[in-house]
Amino acid sequence: MAVQQNKKSTSKRGNHRAHDFLSNPATAVEPGTGEVHRRHHISPNGFYRGKKVVTTKQDAAEE
């Protein structure tokens, strides 16, 4: 029969399988382009809340 050698602390016991209950990150749809991105983050095309805030490599190649 297995006998535990050391007592498992309450914090370790509470964290057991905590990752099983994680949910997916919240996503938003960019109003101008229709892209799906994480909320409060810049979209892959460099838009945030409908405005272009970052120039991307594609933008530099087009100019």
# chains A, B, ... in the order shown; residues from 1 in each chain; ligands from 1
>>> residues_around(residues="region 29-32 of chain A", least_positions_apart="2", cutoff="8 Å", atoms="only C-alpha atoms", output="short mmCIF file (atom, residue, chain, number, x, y, z; two decimals) with N, CA, C and O atoms, in the first residue's frame")
data_model
loop_
_atom_site.label_atom_id
_atom_site.label_comp_id
_atom_site.auth_asym_id
_atom_site.auth_seq_id
_atom_site.Cartn_x
_atom_site.Cartn_y
_atom_site.Cartn_z
N THR A 27 -12.36 36.99 -27.48
CA THR A 27 -12.00 37.51 -28.80
C THR A 27 -12.96 38.62 -29.19
O THR A 27 -14.09 38.71 -28.68
N GLY A 34 -13.04 43.13 -40.12
CA GLY A 34 -13.74 41.89 -39.80
C GLY A 34 -12.83 40.82 -39.23
O GLY A 34 -13.24 39.66 -39.11
N GLU A 35 -11.60 41.19 -38.89
CA GLU A 35 -10.65 40.23 -38.31
C GLU A 35 -11.03 39.88 -36.88
O GLU A 35 -11.54 40.71 -36.15
N VAL A 36 -10.73 38.66 -36.49
CA VAL A 36 -10.93 38.22 -35.11
C VAL A 36 -9.59 38.29 -34.41
O VAL A 36 -8.58 37.78 -34.91
N HIS A 37 -9.57 38.95 -33.24
CA HIS A 37 -8.33 39.07 -32.47
C HIS A 37 -8.67 39.08 -30.99
O HIS A 37 -9.84 39.18 -30.61
N SER A 43 -4.87 43.96 -33.79
CA SER A 43 -5.12 42.88 -34.74
C SER A 43 -3.86 42.64 -35.57
O SER A 43 -2.97 43.48 -35.63
N PHE A 47 -4.54 47.11 -36.71
CA PHE A 47 -5.69 47.94 -36.35
C PHE A 47 -6.06 47.76 -34.89
O PHE A 47 -5.91 46.68 -34.32
N TYR A 48 -6.54 48.84 -34.26
CA TYR A 48 -7.07 48.77 -32.90
C TYR A 48 -8.28 49.68 -32.84
O TYR A 48 -8.19 50.89 -33.10
N ARG A 49 -9.43 49.11 -32.56
CA ARG A 49 -10.70 49.82 -32.46
C ARG A 49 -10.98 50.64 -33.72
O ARG A 49 -11.40 51.79 -33.67
N GLY A 50 -10.72 50.03 -34.89
CA GLY A 50 -11.07 50.66 -36.15
C GLY A 50 -10.03 51.62 -36.70
O GLY A 50 -10.22 52.17 -37.78
#
>>> select_by_dssp(residues="chain A", states="alpha helix (DSSP H)", output="number ranges by chain")
A: 10-14, 57-62
>>> select_by_dssp(residues="chain A", states="strand (DSSP E)", output="ChimeraX atom specification")
/A:27-29,36-38,47-48,51-52
>>> atom_distance(atom1="CA of Arg39 (chain A)", atom2="CA of Ala26 (chain A)")
6.0 Å
>>> closest_atom_pairs(of="region 10-45 of chain A", to="region 51-61 of chain A", cutoff="9 Å", atoms="only C-alpha atoms", output="CSV")
residue,atom,partner,partner_atom,distance
A:Gly32,CA,A:Lys51,CA,8.3
A:Ile42,CA,A:Val53,CA,8.2
A:Pro44,CA,A:Thr56,CA,8.4
A:Asn45,CA,A:Thr56,CA,6.7
>>> write_last_selection(atoms="all heavy atoms", output="compact mmCIF listing (two decimals), in the first residue's frame")
# COMPACT_ATOMS: atom_id res chain seq x y z
N GLY A 32 -13.60 47.40 -38.88
CA GLY A 32 -13.27 47.78 -40.25
C GLY A 32 -12.93 46.60 -41.13
O GLY A 32 -13.40 46.48 -42.27
N ILE A 42 -3.89 44.50 -30.42
CA ILE A 42 -3.87 44.96 -31.81
C ILE A 42 -4.10 43.76 -32.72
O ILE A 42 -3.58 42.67 -32.48
CB ILE A 42 -2.52 45.62 -32.13
CG1 ILE A 42 -2.33 46.85 -31.25
CG2 ILE A 42 -2.43 46.01 -33.59
CD1 ILE A 42 -0.97 47.46 -31.35
N PRO A 44 -3.76 41.49 -36.23
CA PRO A 44 -2.56 41.19 -37.03
C PRO A 44 -2.26 42.22 -38.12
O PRO A 44 -1.12 42.38 -38.52
CB PRO A 44 -2.87 39.82 -37.64
CG PRO A 44 -3.84 39.20 -36.70
CD PRO A 44 -4.65 40.34 -36.16
N ASN A 45 -3.28 42.92 -38.60
CA ASN A 45 -3.06 43.94 -39.63
C ASN A 45 -2.69 45.30 -39.05
O ASN A 45 -2.53 46.26 -39.80
CB ASN A 45 -4.30 44.09 -40.52
CG ASN A 45 -4.40 42.96 -41.51
OD1 ASN A 45 -3.46 42.19 -41.70
ND2 ASN A 45 -5.55 42.83 -42.13
>>> atom_distance(atom1="CA of Arg17 (chain A)", atom2="CA of Met1 (chain A)")
24.2 Å
>>> atom_distance(atom1="CA of Lys7 (chain A)", atom2="CA of Asp20 (chain A)")
23.4 Å
